[in-house]
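To keep things clear, I will list the structure first and then write my remarks on it.
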Amino acid sequence: MNSKPVLRATIAAASVALLAAPDARALDLGKANPLKWFDKKDEVVPSAPERQVQEGAAEAMLRDGKTAASTGNTGRAISIYKDVVSRYRFTNAAANAQFEQAVLLRQSGKLQDAYDAFQKFITDYRQSTRFDEAVQQQFEIAEEAKAGKKQPSLLMIPMKLDKSELVKLYQGVIRNSPYGKYAPYAQFAIGEVYQDDGDKPMANQAYQMVVDNYPNTKLASEAQFRIGAISSAAARKTQDASNLTTTLDALETYKATNPSGERMQEADSLITEGRAAQSANSLSIAKFYEKAGKPKAAAIYYSEAMQTGSGETVSEAQRRLAALAASNPEDVKQSGVSTGEGYVVPAAVNTKNRDEYAGPPAPVVAKLNSKPSMRVEPDSFKPIPLTEPDLPTRPNAPTSPGTLLPPAEGDKPLLLPVPPSPGAPMPAPQSLPVPPAPDATKPAEEAKPAPAPAPEAPKP
């Protein structure tokens, strides 16, 4: 009997069964790796009774590992610790075994392996009481690597961690505990790594992160000073004016935020040096523009040299700017430069030193020597009237005493009483007479004047 068709049929049936299985997670051919079919099943968190049993077994193995480490059998101890973590990873003994394994690797000089072992402890056992200690161990490993401690490679040749690897170690410390005790030290150390490597932009960026993220620490003030000092050193080697600007800005900020700082004298010295260099640079640029026939630009840079420098540089800038203003007064005036102390307006430069100068004009001298006098020229100004003008009224309507408007039209009573004029006696209250209703049947009689009263006879 030929066994090949039977074998093919068996393989086909097995494939169909696997595809039909409800738990065929690894058969997602677009995502899963077929090699994962042979991996161990996902671990399940043990129940409380089962975990208690595992805790006892893990503690026994942990004691064996410590015994091996105490006798100098480091390899066996590390092997036991790995076995504890692999078998009983949900126990407290497993957390301690992972920590002890990382310590032994560090003692063996395998800095990168030890760092990774502590990282596994921090990732898997973040709730452990030894979490802060693990972060401290990582920071110390990074410090040892930065100091140049050797670590053996696979070929057993001494080697040193390069800049990028060191930065990753410190960044891991910050990432694990961004506001912990060692985070500002790790960030500052990153700046030192770049500074030692001569990478000025990255060093200043790292130090600036110390200032921004940890402003209340002592390292923040030192980082601020380092930014100015590094830029000052770069300014001595290059012609880039931005280095001088960065130097002055950083050191002025350091002085403002740390009035009693330890680096105050050094900051003052670097600021003075930076301003002198900035003034000399401006003077050199001004000479270039003056030689190129661009007086406006030259005047601007001469003004900058006068404002930022001191001593001989300022004197030369003032002298050259005065000469430039004398030969090109309009250009210098249009440049709008901020002149220094003692500098005169360009339009009047050297006026008194000219041969034809004979003093101010005669009318000006006479006006200066004359006493002030009253102005008698006619003008449109009028004096304030002594009598009060009449108040405006309605046309053809007299005003009552004490009122501003004439009385209301018709025989309607006033809505409000009219106050008397000042000084007039108060009149007695009188009731207004009510006229009788007119009779429509009788013709209206013309109003006749009342007869005058007869004069009284003289008495004998």
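Scheme for the structure tokens: letters A, B, ... for chains in order shown; per-chain residue numbers from 1; ligand numbers from 1 in order shown.
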
Checklist entry - Got a sec to tell me which of stretch 81-223 of chain A DSSP assigns to strand (DSSP E), as a list of chain:residue names? => result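 Filtering stretch 81-223 of chain A to strand (DSSP E) leaves A:Gln151, A:Pro152, A:Pro158, A:Met159.
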
Next on the checklist: Report as a count of residues only all protein, DNA and RNA residues lying within 10 Å of A:Val211, evaluated on only C-alpha atoms, omitting residues in the same chain fewer than 3 positions from it.
Outcome noted: 17

Next on the checklist: Give me, as a PyMOL selection string, all polymer residues having an atom no more than 12 Å from A:Ala142, counting only C-alpha atoms and skipping those fewer than 2 positions away in the same chain.
Outcome noted: chain A and resi 106+110-112+114-116+135-140+144-149+160-174+182+185-187+189-190+193

Checklist entry - Could you pull the residues within 12 Å of A:Arg130, counting only C-alpha atoms, minus those fewer than 5 positions along the same chain, as a list in words? => result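 Close residues of A:Arg130: Asn92, Ala95, Asn96, Ala97, Gln98, Phe99, Glu100, Phe118, Phe121, Ile122, Tyr125, Val135, Gln136 and Gln137 of chain A.
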
Write out the residues from the selection above, keeping C-alpha atoms, as a tab-separated table (two decimals), in the first residue's frame.
```tsv
chain	number	residue	atom	x	y	z
A	92	ASN	CA	7.04	38.98	45.13
A	95	ALA	CA	10.46	40.83	41.64
A	96	ASN	CA	13.31	40.47	44.13
A	97	ALA	CA	14.97	37.87	41.89
A	98	GLN	CA	14.88	40.28	38.92
A	99	PHE	CA	16.39	43.05	41.02
A	100	GLU	CA	19.17	40.81	42.43
A	118	PHE	CA	16.75	47.01	35.90
A	121	PHE	CA	12.23	45.21	36.80
A	122	ILE	CA	10.83	48.75	36.46
A	125	TYR	CA	7.23	45.43	38.87
A	135	VAL	CA	15.93	54.12	39.07
A	136	GLN	CA	18.89	55.15	41.20
A	137	GLN	CA	20.81	52.07	40.02
```

Item to check | helix (DSSP H, G or I) call set, DSSP backbone run, stretch 96-263 of chain A, as a PyMOL selection string | outcome: chain A and resi 96-107+111-124+131-147+163-176+183-196+200-213+218-237+241-257

Checklist entry - Which residues come within 8 Å of A:Ala297, counting only C-alpha atoms, excluding same-chain residues fewer than 6 positions away, as a PyMOL selection string? => result chain A and resi 286+289-290+335

Next on the checklist: Would you pick out the contacts of A:Thr245 at 10 Å or less, using only C-alpha atoms, so that residues sharing its chain but fewer than 5 positions from it are not included, and give the list as a ChimeraX atom specification?
Outcome noted: /A:228,231-232,235,240,250,274-275,278

Item to check | Spatial neighbours of A:Ala93, 12 Å, only C-alpha atoms, chain gap at least 3 places, as a PyMOL selection string | outcome: chain A and resi 51-52+54-63+65-66+80-90+96-100+125+128

Checklist entry - atom CA of A:Leu283 and atom CA of A:Ala305 are how many Å apart? => result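 Taking atom CA of A:Leu283 and atom CA of A:Ala305, their separation equals 5.5 Å.
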